[in-house]
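Visitor: I am attaching a structure below and will ask some questions about it afterwards.
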Protein chains: 4
Amino acid sequence: MIKAGIIGATGYAGNELVRILMGHKEVEIKWYGSRSYIDKKYAEVYQNMFEIVDDVCMDDNMEELASQVDVIFTATPQGFLAGVLTEEILKKTKIVDLSADYRIKDVAVYEKWYGIEHKSPQFIEEAVYGLCEVNREKIKGARLIANPGCYTTCSILTAYPLVKEGLIDTSTLIVDAKSGTSGAGRGAKLPNLFCEVNENMKAYGVTSHRHTPEIEEQLGYAAGKEVMINFTPHLVPMNRGILATEYAALIRKEDGSLPTYEEIKAVYDKYYGKEKFVRVLEKDVQPETKWVEGSNYVDINFKIDERTGRIVMMGALDNLVKGAAGQAVQNMNLLFGFDEAEGLNLVPMFP
Amino acid sequence: MIKAGIIGATGYAGNELVRILMGHKEVEIKWYGSRSYIDKKYAEVYQNMFEIVDDVCMDDNMEELASQVDVIFTATPQGFLAGVLTEEILKKTKIVDLSADYRIKDVAVYEKWYGIEHKSPQFIEEAVYGLCEVNREKIKGARLIANPGCYTTCSILTAYPLVKEGLIDTSTLIVDAKSGTSGAGRGAKLPNLFCEVNENMKAYGVTSHRHTPEIEEQLGYAAGKEVMINFTPHLVPMNRGILATEYAALIRKEDGSLPTYEEIKAVYDKYYGKEKFVRVLEKDVQPETKWVEGSNYVDINFKIDERTGRIVMMGALDNLVKGAAGQAVQNMNLLFGFDEAEGLNLVPMFP
Amino acid sequence: MIKAGIIGATGYAGNELVRILMGHKEVEIKWYGSRSYIDKKYAEVYQNMFEIVDDVCMDDNMEELASQVDVIFTATPQGFLAGVLTEEILKKTKIVDLSADYRIKDVAVYEKWYGIEHKSPQFIEEAVYGLCEVNREKIKGARLIANPGCYTTCSILTAYPLVKEGLIDTSTLIVDAKSGTSGAGRGAKLPNLFCEVNENMKAYGVTSHRHTPEIEEQLGYAAGKEVMINFTPHLVPMNRGILATEYAALIRKEDGSLPTYEEIKAVYDKYYGKEKFVRVLEKDVQPETKWVEGSNYVDINFKIDERTGRIVMMGALDNLVKGAAGQAVQNMNLLFGFDEAEGLNLVPMFP
Amino acid sequence: MIKAGIIGATGYAGNELVRILMGHKEVEIKWYGSRSYIDKKYAEVYQNMFEIVDDVCMDDNMEELASQVDVIFTATPQGFLAGVLTEEILKKTKIVDLSADYRIKDVAVYEKWYGIEHKSPQFIEEAVYGLCEVNREKIKGARLIANPGCYTTCSILTAYPLVKEGLIDTSTLIVDAKSGTSGAGRGAKLPNLFCEVNENMKAYGVTSHRHTPEIEEQLGYAAGKEVMINFTPHLVPMNRGILATEYAALIRKEDGSLPTYEEIKAVYDKYYGKEKFVRVLEKDVQPETKWVEGSNYVDINFKIDERTGRIVMMGALDNLVKGAAGQAVQNMNLLFGFDEAEGLNLVPMFP
């Protein structure tokens with residue numbers, strides 16, 4: 001039984017961490033950090049936890065927390081962890097950071113896209129990008145995990161095998177992603193009001209969303225060369241779920257023909273056939289966000305367009321689970337040598 | 001480890017049974033009965049179960065099934081179980097019936113409200129009404145459980161302590177209930193289309209809904225006299241959740257004063273203080289369906305209106321869990337002597 | 001062609017006023033008042049008005065505005081108009097106030113339920129309660145109209161004929177109302193975020209909602225005696241629409257029998273048969289909010305419960321139209337002698 | 001005053017035609033054709049029309065209808081009009097066909113994508129594709145209008161100016177489109193049930209949707225060469241609205257630079273500056289479906305990605321108005337020489 005602390009426990013991702021960890025056999029939450037609700041009962045902020053969590057919210061004192069727990073989850077705004085992290089802290093505890101602070105290796109890229117100075121670039125190098133299906137072995141020995149973003153987890157995993165095997169022309173890759181509104185967080189902002197989102201759909205952050213360089217960096221490692229994409233997120237009137245629709249030109253074979261369905265399928269199976277949390281669907285079954293809701297699954301499928309020579313890849317996940325808290329727990333399980341699926345045997349809830 | 005069969009496994013309640021039983025340590029599902037999808041893979045009907053359930057759908061042969069399993073859940077249309085149930089079957093297996101066939105003791109009342117002949121009235125007497133918090137001891141020794149309806153579970157539990165203790169005038173009781181659309185089932189009917197339900201709200205079954213006599217019968221037992229109420233269900237544009245708002249005149253004390261908040265609260269606590277799945281909320285916190293979504297909880301609270309002398313009672317539950325499959329599993333746990341909460345430690349999902 | 005000004009033009013009701021007045025032949029909007037957005041283009045606040053409204057937002061200087069326009073609509077927070085209204089202003093212009101400032105004749109009741117001091121009680125007496133179907137003649141000669149609240153319009157009109165004719169026991173009247181989220185306004189508050197409202201339902205303001213005394217006062221006039229009710233509003237995950245479900249004991253006839261459907265229907269027809277904006281539906285057709293969306297209609301129907309001796313009355317309207325801006329325009333039409341339906345021939349939009 | 005008949009009046013598009021024509025000064029509806037509801041009152045099928053439309057539903061006898069009205073709208077399944085159209089009918093009346101029967105000039109392409117034989121190919125040549133902003137002059141003299149599809153209207157208008165002016169490489173064009181559920185029609189099918197659509201998102205018809213060849217044909221005329229695209233539609237949990245996000249490589253100038261924002265904007269303004277129903281938004285304001293709901297507008301904007309050399313174009317419309325009934329009325333206005341906007345001065349409804 002290890003002890004965990006959460007900084008940012010009252011955001012949607014923080015609450016989802018609590019939900020998942022309540023069902024985890026090896027972890028006990030010792031610290032519900034929330035700068036906004038210090039001394040308030042956690043269950044008054046999240047009434048779903050009434051009679052389940054009795055604790056009150058604590059502050060975000062990382063140093064104090066580090067001496068009390070084995071792992072800290074930081075579900076905090078960009079810049080928070082970079083501003084407070086020290087070698088002292090990392091010597092005492094492991095950290096799974098759900099923010100973007102240590103996801104991008106090139107500090108200049110981080111500072112450009114996020115528009116803030118990085119306060120502790122000295123830890124970037126050692127941080128491991130916590131995309132479990134790709135970096136499993138590296139994660140096991142890490143002290144600091146950069147938990148991937150919601151859009152990025154979905155976008156990368158959907159295309160990864162084909163990029164890795166060189167089956168698509170990455171210079172043509174376009175990611176058109178759609179997200180439920182919980183991705184926007186629990187801040188009281190006008191654009192996130194029910195009446196503004198319901199019965200509505202829009203693109204946002206067009207050509208400038210911060211998950212773009214993160215996707216590019218990781219797919220770049222897979223491709224063995226620089227990758228530059230178009231990434232367009234959209235806001236959808238639903239609470240949870242991300243659907244990524246991705247387009248790329250297939251690399252033709254020497255005889256000019258396209259790879260077949262079976263060949264592409266075999267590549268997906270090579271990478272994901274034994275992965276519990278990645279489900280490559282059967283032919284012609286397209287991913288739907290509702291089929292993964294509440295679970296740690298990513299559902300993936302693809303369709304070859306013989307007419308245009310492109311492949312359309314689709315991936316769906318729950319942005320708060322595999323896109324945030326679920327993957328964070330999966331990383332924790334790897335860090336501490338638990339069964340990777342412990343606490344994550346969540347059957348998707350339908351409807 | 002016991003074996004379970006489900007008849008009607010491809011309805012929404014059936015699918016929810018599967019979801020819950022997947023996380024139950026003592027049960028294995030051996031039979032996914034679905035007349036409409038015989039021989040089709042269950043996971044093709046419910047894609048959320050892909051790579052989780054490998055079985056194909058079976059028919060609804062109760063006799064055959066009875067010889068294979070320890071418990072049968074019938075999530076079937078009204079009249080099905082009454083039409084096939086035999087003493088032979090009940091000798092071999094226990095049954096938790098999610099339909100209304102054995103909920104109402106007076107067969108004439110059943111036949112009037114449901115408009116069908118009851119084909120096996122000889123089993124009505126022995127059937128136990130499976131409202132666990134009220135009939136716990138009787139349930140333990142039963143062979144046949146009549147699992148309560150979704151509206152009725154919510155409506156009864158919300159008022160039960162006050163009716164039982166004679167604190168309200170039951171002749172004034174009015175139940176105004178609101179339900180998510182999954183309560184209407186998975187049948188392809190025009191009124192349940194997305195565009196007909198979304199951005200819409202209506203009452204239906206006004207003065208004639210079939211859950212009325214069920215609520216009246218059970219509250220009648222509590223009151224020790226006949227109870228007659230107004231019950232009005234409404235359709236709400238959400239998937240899950242029932243909210244019941246109930247009104248009744250409080251019985252005044254000898255000095256003409258109303259019972260106080262503390263007195264009423266004490267009565268609720270007397271009945272529910274030790275009940276895991278009934279949460280009586282703190283003062284002035286009103287139940288919200290979202291706070292119980294995906295879980296087996298019923299959240300209850302009340303407000304005294306000094307001006308009118310009435311009490312407003314409110315209860316919220318997930319119609320597919322505590323209102324159907326969750327309560328069915330709770331009943332099964334009681335039947336087989338398992339921990340009553342086994343498989344039901346479901347933390348509500350928010351948002 | 002008259003000139004109109006709107007104070008509070010950037011709230012949802014204000015925007016709906018603009019939408020309706022754009023289609024009104026006799027009115028030109030000269031002033032889009034919005035304290036929060038002064039000097040900003042109106043169409044940047046409400047992008048639906050792009051290329052339709054070119055004006056910029058103005059301040060809320062009522063004195064200046066009064067000298068420029070024939071009518072002012074105040075869609076402002078409680079207390080605003082009461083704080084600035086003067087005889088000078090009323091001499092120059094007519095006012096339709098969408099706030100509650102002049103709806104309640106007893107200033108003590110207003111101050112108790114609203115928790116603020118009334119700054120200009122001297123105008124309360126002359127203000128006419130703008131429920132057009134009830135007060136049509138008084139409205140025509142008024143200077144100051146207290147436009148009814150959304151819940152109140154629906155609640156009153158649904159019960160009015162039966163109260164007026166003494167057919168129900170008003171001491172038993174209970175109003176259970178459900179509203180879309182636009183009723184909560186456009187303020188950026190956590191409880192109104194998409195993720196908090198979607199897939200959720202709750203009661204609020206139980207026994208204490210401010211529309212209670214307004215309903216009681218108006219029904220009291222109809223009844224010729226004091227009326228005290230229970231009124232419970234609920235928040236529904238939809239943008240627009242109010243549904244009121246109302247319960248009351250029917251007064252039995254001398255022979256102890258209940259009034260018949262035909263008798264009750266005749267009473268509704270007596271009051272509403274010639275009313276364009278009140279539609280009494282055909283037998284057994286229950287009102288749905290979607291069938292009136294975007295229009296000025298109130299749809300009403302009822303059901304007699306022979307078992308309990310009660311009547312269940314149901315009414316549905318669009319809270320932003322008949323519940324706010326539409327009724328305000330209807331009042332303006334009466335004030336200026338226009339066709340009462342001018343600008344309001346809005347066919348409900350479905351789906 | 002002309003007379004109009006509608007075949008398929010009880011579909012969603014048919015009902016929207018009725019809503020719009022109710023506000024049209026020059027048209028009277030004489031025939032509400034609906035094979036499924038013959039002799040039933042139209043207002044019983046669409047309760048929003050209660051006390052607005054008194055007529056009963058008629059059959060779909062085109063010959064009889066042609067002798068009674070000046071224009072027929074066919075909002076019917078694919079193949080219906082092609083199966084019954086005759087020269088006799090066209091001599092008596094004008095037809096605006098909302099189905100796909102005459103949209104595609106190459107009958108082989110039609111038969112391949114729609115999988116049915118075309119029964120009256122002899123009328124294909126004379127049919128005019130009713131995209132008003134592109135084919136205005138041709139429409140005026142036509143007898144038979146092929147009213148464009150919902151996705152196609154949005155997809156074509158969003159890219160049209162850039163294709164026409166040769167500013168993008170059409171071989172790279174990808175259209176990722178998202179639609180509200182009313183586009184799926186009013187048929188009672190399981191995938192369109194509320195619980196299947198709500199809180200869900202999916203792609204469908206991937207690489208095979210029937211609107212693909214229609215978009216390709218029309219953009220091909222603009223480009224002066226064959227165009228082949230990827231078109232992916234998605235189902236969104238909302239009633240109305242289509243959002244098309246389109247990607248294409250910009251043609252670089254001789255010096256290798258990309259066109260500037262101002263240059264692209266000027267091209268859009270050249271084509272749409274005087275178009276009432278196409279609104280090219282201000283810089284960095286992205287189209288949202290809610291801002292056009294209920295109206296005949298298409299909102300368009302774009303964003304240049306300097307990094308990838310692509311342009312992201314976005315367009316939003318109401319699929320039942322500009323995507324169906326509104327454009328049909330616009331076509332009718334052109335056919336009969338009415339003001340093109342008559343009946344279509346519909347201010348978008350928000351929220």
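The way I read the labels, and the way they are meant: chains A, B, ... in the order of the structure tokens, residue 1 as the first residue of every chain, and ligand 1 as the first ligand shown, with later ones counted on from there.
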Can you tell me, as a list in words, what residues are no more than 12 Å from C:Gly205 when counting only C-alpha atoms, ignoring any on the same chain fewer than 6 positions away?
Guide: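 The residues that qualify are Asp284, Val285, Gln286, Lys303, Asp305 and Val312 of chain B; Trp113, Asp176, Ala177, His211, Thr212, Asn230, Phe231, Thr232, Pro233, His234 and Leu235 of chain C.
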Visitor: As a compact mmCIF listing (two decimals) with N, CA, C and O atoms, in the first residue's frame, please: the residues near C:Ile300 (cut-off 10 Å, only C-alpha atoms, same-chain neighbours under 3 positions excluded).
Guide:
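Listing of out.txt after writing:
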```
# COMPACT_ATOMS: atom_id res chain seq x y z
N CYS C 154 -45.84 31.00 -16.99
CA CYS C 154 -46.25 29.63 -17.25
C CYS C 154 -47.14 29.10 -16.13
O CYS C 154 -48.21 28.53 -16.37
N LEU C 157 -50.73 31.12 -16.04
CA LEU C 157 -51.65 30.87 -17.15
C LEU C 157 -52.17 29.43 -17.14
O LEU C 157 -53.30 29.18 -17.55
N THR C 158 -51.35 28.51 -16.67
CA THR C 158 -51.77 27.11 -16.65
C THR C 158 -52.94 26.86 -15.70
O THR C 158 -53.82 26.04 -15.98
N ALA C 159 -52.97 27.60 -14.61
CA ALA C 159 -54.01 27.36 -13.60
C ALA C 159 -55.10 28.42 -13.60
O ALA C 159 -56.17 28.21 -13.02
N LEU C 243 -41.53 23.89 -18.40
CA LEU C 243 -42.69 23.04 -18.26
C LEU C 243 -43.15 23.13 -16.82
O LEU C 243 -42.35 22.89 -15.90
N ALA C 244 -44.41 23.49 -16.61
CA ALA C 244 -44.96 23.51 -15.26
C ALA C 244 -45.98 22.39 -15.13
O ALA C 244 -46.88 22.27 -15.96
N TYR C 268 -61.41 26.27 -19.78
CA TYR C 268 -60.18 26.72 -20.46
C TYR C 268 -60.53 27.44 -21.76
O TYR C 268 -59.95 28.49 -22.09
N TYR C 272 -59.39 31.06 -22.99
CA TYR C 272 -58.29 31.06 -23.96
C TYR C 272 -58.73 30.77 -25.39
O TYR C 272 -57.91 30.78 -26.31
N VAL C 278 -52.22 31.39 -26.50
CA VAL C 278 -52.45 30.27 -25.57
C VAL C 278 -53.16 29.16 -26.34
O VAL C 278 -54.24 29.36 -26.88
N ARG C 279 -52.50 28.01 -26.42
CA ARG C 279 -53.09 26.89 -27.14
C ARG C 279 -53.49 25.81 -26.13
O ARG C 279 -52.62 25.20 -25.50
N VAL C 280 -54.78 25.60 -26.00
CA VAL C 280 -55.24 24.49 -25.15
C VAL C 280 -55.27 23.25 -26.05
O VAL C 280 -56.01 23.20 -27.02
N LEU C 281 -54.44 22.29 -25.72
CA LEU C 281 -54.23 21.16 -26.62
C LEU C 281 -55.43 20.21 -26.63
O LEU C 281 -56.33 20.31 -25.79
N GLU C 282 -55.41 19.31 -27.59
CA GLU C 282 -56.49 18.34 -27.66
C GLU C 282 -56.30 17.28 -26.57
O GLU C 282 -55.22 17.10 -26.03
N VAL C 285 -53.14 15.05 -25.29
CA VAL C 285 -51.87 15.53 -25.86
C VAL C 285 -51.19 16.39 -24.80
O VAL C 285 -51.73 17.44 -24.44
N GLN C 286 -50.07 15.94 -24.28
CA GLN C 286 -49.43 16.69 -23.21
C GLN C 286 -48.45 17.71 -23.79
O GLN C 286 -47.76 17.42 -24.76
N PRO C 287 -48.37 18.88 -23.21
CA PRO C 287 -47.46 19.91 -23.70
C PRO C 287 -46.00 19.45 -23.66
O PRO C 287 -45.60 18.75 -22.72
N GLU C 288 -45.25 19.82 -24.67
CA GLU C 288 -43.81 19.57 -24.70
C GLU C 288 -43.14 20.91 -25.02
O GLU C 288 -43.58 21.65 -25.89
N TYR C 297 -45.98 31.10 -27.95
CA TYR C 297 -47.09 30.29 -27.46
C TYR C 297 -46.88 29.76 -26.04
O TYR C 297 -45.75 29.51 -25.62
N MET C 313 -52.45 19.82 -14.10
CA MET C 313 -52.41 20.81 -15.18
C MET C 313 -50.98 20.95 -15.66
O MET C 313 -50.05 20.92 -14.86
N MET C 314 -50.82 21.09 -16.97
CA MET C 314 -49.46 21.22 -17.51
C MET C 314 -49.41 22.40 -18.47
O MET C 314 -50.33 22.59 -19.28
N GLY C 315 -48.34 23.16 -18.37
CA GLY C 315 -48.16 24.28 -19.30
C GLY C 315 -46.72 24.32 -19.77
O GLY C 315 -45.81 23.97 -19.02
N ALA C 316 -46.52 24.71 -21.04
CA ALA C 316 -45.16 24.80 -21.59
C ALA C 316 -45.01 26.09 -22.37
O ALA C 316 -45.93 26.49 -23.12
N LEU C 317 -43.88 26.73 -22.20
CA LEU C 317 -43.57 27.93 -23.00
C LEU C 317 -42.07 28.02 -23.19
O LEU C 317 -41.30 27.27 -22.59
```
Visitor: Could you pull out the residues in stretch 227-267 of chain D that DSSP calls helix (DSSP H, G or I) from the backbone, as a PyMOL selection string?
Guide: chain D and resi 261-267
Visitor: Considering only C-alpha atoms, give me a table of residues in chain C that are at most 6 Å from chain B, with the closest atom pair and distance in Å for each, as a Markdown table.
Guide:
```
| residue | atom | partner | partner_atom | distance |
| --- | --- | --- | --- | --- |
| C:Cys195 | CA | B:Pro351 | CA | 5.8 |
| C:Glu199 | CA | B:Met238 | CA | 4.8 |
| C:Asn200 | CA | B:Lys290 | CA | 4.8 |
| C:Met201 | CA | B:Thr289 | CA | 5.6 |
| C:Lys202 | CA | B:Glu288 | CA | 4.7 |
| C:Thr207 | CA | B:Asp305 | CA | 5.8 |
| C:Met238 | CA | B:Glu199 | CA | 4.8 |
| C:Glu288 | CA | B:Lys202 | CA | 4.7 |
| C:Thr289 | CA | B:Asn200 | CA | 5.4 |
| C:Lys290 | CA | B:Asn200 | CA | 4.8 |
| C:Asp305 | CA | B:Thr207 | CA | 5.8 |
| C:Pro351 | CA | B:Cys195 | CA | 5.8 |
```
Visitor: If you run DSSP on the backbone here, which positions in stretch 5-45 of chain B get strand (DSSP E)? Please write them as a PyMOL selection string.
Guide: chain B and resi 5-7+27-33
Visitor: Mind checking which residues fall within 8 Å of D:Asn296, counting only C-alpha atoms, ignoring those fewer than 2 positions away in the same chain, and posting them as a PyMOL selection string?
Guide: chain D and resi 277+292+294+298+317-318+321-322+326-327+344-346
Visitor: Pick out the residues sitting within 7 Å of stretch 328-339 of chain C, and hand them over as a list in words; count only C-alpha atoms, and ignore anything fewer than 2 positions along from it in its own chain.
Guide: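 The neighbour list is Val96, Gly130, Cys132, Ile139, Lys140, Gly141, Ala142, Asn147, Ala324, Ala325, Gly326, Ala341 and Glu342 of chain C.
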Visitor: Kindly save the residues from that selection, with C-alpha atoms included, as a short mmCIF file (atom, residue, chain, number, x, y, z; two decimals), in the first residue's frame.
Guide:
```
data_model
loop_
_atom_site.label_atom_id
_atom_site.label_comp_id
_atom_site.auth_asym_id
_atom_site.auth_seq_id
_atom_site.Cartn_x
_atom_site.Cartn_y
_atom_site.Cartn_z
CA VAL C 96 -41.42 47.60 -20.08
CA GLY C 130 -48.01 42.73 -17.94
CA CYS C 132 -51.39 40.25 -21.46
CA ILE C 139 -51.87 47.49 -20.05
CA LYS C 140 -53.09 49.63 -22.90
CA GLY C 141 -53.12 52.78 -20.84
CA ALA C 142 -50.04 52.21 -18.73
CA ASN C 147 -43.28 42.16 -17.39
CA ALA C 324 -39.54 37.21 -21.29
CA ALA C 325 -38.87 39.04 -24.56
CA GLY C 326 -41.93 37.91 -26.51
CA ALA C 341 -49.21 39.78 -32.57
CA GLU C 342 -46.98 42.08 -34.64
#
```
Visitor: At a cut-off of 9 Å, using only C-alpha atoms, what residues contact A:Ser67? Leave out same-chain residues fewer than 6 positions from it and give the result as an MDAnalysis selection string.
Guide: chainID A and resid 89 92:93
Visitor: Just N, CA, C and O atoms for this one: save the residues we selected as a PDB file, in the first residue's frame.
Guide:
```
ATOM      1  N   ILE A  89      12.618  17.371  -3.719  1.00  0.00           N
ATOM      2  CA  ILE A  89      11.300  16.738  -3.858  1.00  0.00           C
ATOM      3  C   ILE A  89      11.435  15.424  -4.603  1.00  0.00           C
ATOM      4  O   ILE A  89      10.902  14.393  -4.190  1.00  0.00           O
ATOM      5  N   LYS A  92      12.559  12.422  -2.772  1.00  0.00           N
ATOM      6  CA  LYS A  92      11.653  11.839  -1.780  1.00  0.00           C
ATOM      7  C   LYS A  92      10.459  11.116  -2.366  1.00  0.00           C
ATOM      8  O   LYS A  92       9.867  10.243  -1.749  1.00  0.00           O
ATOM      9  N   THR A  93      10.049  11.521  -3.537  1.00  0.00           N
ATOM     10  CA  THR A  93       8.780  11.012  -4.064  1.00  0.00           C
ATOM     11  C   THR A  93       8.813  10.963  -5.583  1.00  0.00           C
ATOM     12  O   THR A  93       9.639  11.633  -6.210  1.00  0.00           O
TER      13      THR A  93
END
```
Visitor: Could you list, as a PyMOL selection string, every residue within 7 Å of stretch 74-79 of chain B, counting only C-alpha atoms and ignoring same-chain residues fewer than 3 positions away?
Guide: chain B and resi 6-9+13-14+82-83+96-101+118
Visitor: What does the file look like for those residues with C-alpha atoms, as a JSON list (two decimals), in the first residue's frame?
Guide:
```json
[["chain", "number", "residue", "atom", "x", "y", "z"],
["B", 6, "ILE", "CA", -29.32, -13.10, -18.19],
["B", 7, "ILE", "CA", -32.46, -13.16, -20.27],
["B", 8, "GLY", "CA", -32.84, -9.85, -22.05],
["B", 9, "ALA", "CA", -29.12, -9.17, -22.01],
["B", 13, "ALA", "CA", -30.66, -2.82, -18.15],
["B", 14, "GLY", "CA", -29.21, -6.10, -19.42],
["B", 82, "ALA", "CA", -45.04, -15.01, -15.88],
["B", 83, "GLY", "CA", -45.58, -16.92, -19.10],
["B", 96, "VAL", "CA", -34.21, -11.98, -9.96],
["B", 97, "ASP", "CA", -36.92, -10.57, -12.20],
["B", 98, "LEU", "CA", -36.39, -7.01, -13.39],
["B", 99, "SER", "CA", -39.83, -6.91, -14.98],
["B", 100, "ALA", "CA", -43.04, -6.08, -13.12],
["B", 101, "ASP", "CA", -44.51, -9.58, -13.22],
["B", 118, "HIS", "CA", -51.05, -12.86, -15.50]]
```
Visitor: For a quick check of understanding, using only C-alpha atoms, which of C:Asp169, C:Glu16, C:Glu125, C:Glu87 has the smallest distance to C:Gly323?
Guide: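 Of all the options, C:Glu16 lies closest to C:Gly323.
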Visitor: Find the distance between atom CA of B:Glu214 and atom CA of B:Lys119 and write it in Å to one decimal.
Guide: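 We find that atom CA of B:Glu214 and atom CA of B:Lys119 lie 19.0 Å from each other.
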Visitor: So that I can check the surroundings of D:Pro161, please list as a PyMOL selection string every protein, DNA and RNA residue that reaches within 7 Å of it, counting only C-alpha atoms and ignoring chain neighbours fewer than 4 positions away.
Guide: chain D and resi 165+267-268+271
Visitor: Could you write out the selected residues, including C-alpha atoms, as a compact mmCIF listing (two decimals), in the first residue's frame?
Guide:
```
# COMPACT_ATOMS: atom_id res chain seq x y z
CA GLU D 165 -9.53 31.37 -58.26
CA VAL D 267 -11.10 36.62 -52.68
CA TYR D 268 -13.82 35.60 -50.28
CA TYR D 271 -17.54 36.25 -54.23
```
Visitor: Hey, which of C:Arg35, C:Lys225, C:Lys3, C:Arg252 ends up closest to C:Phe73? Count only C-alpha atoms.
Guide: C:Lys3
Visitor: Distance atom CA of C:Tyr46-atom CA of A:Pro191, one decimal place?
Guide: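 Computing it gives 12.0 Å between the two atoms.
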Visitor: In Å to one decimal, how far is atom CA of A:Thr152 from atom CA of A:Ile215?
Guide: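 Taking atom CA of A:Ile215 and atom CA of A:Thr152, their separation equals 5.5 Å.
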Visitor: Kindly indicate which residue among C:Glu26, C:Glu217, C:Asp60, C:Asp54 lies nearest to C:Tyr110, using only C-alpha atoms for the distances.
Guide: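 Counting only C-alpha atoms, the residue closest to C:Tyr110 is C:Glu217.
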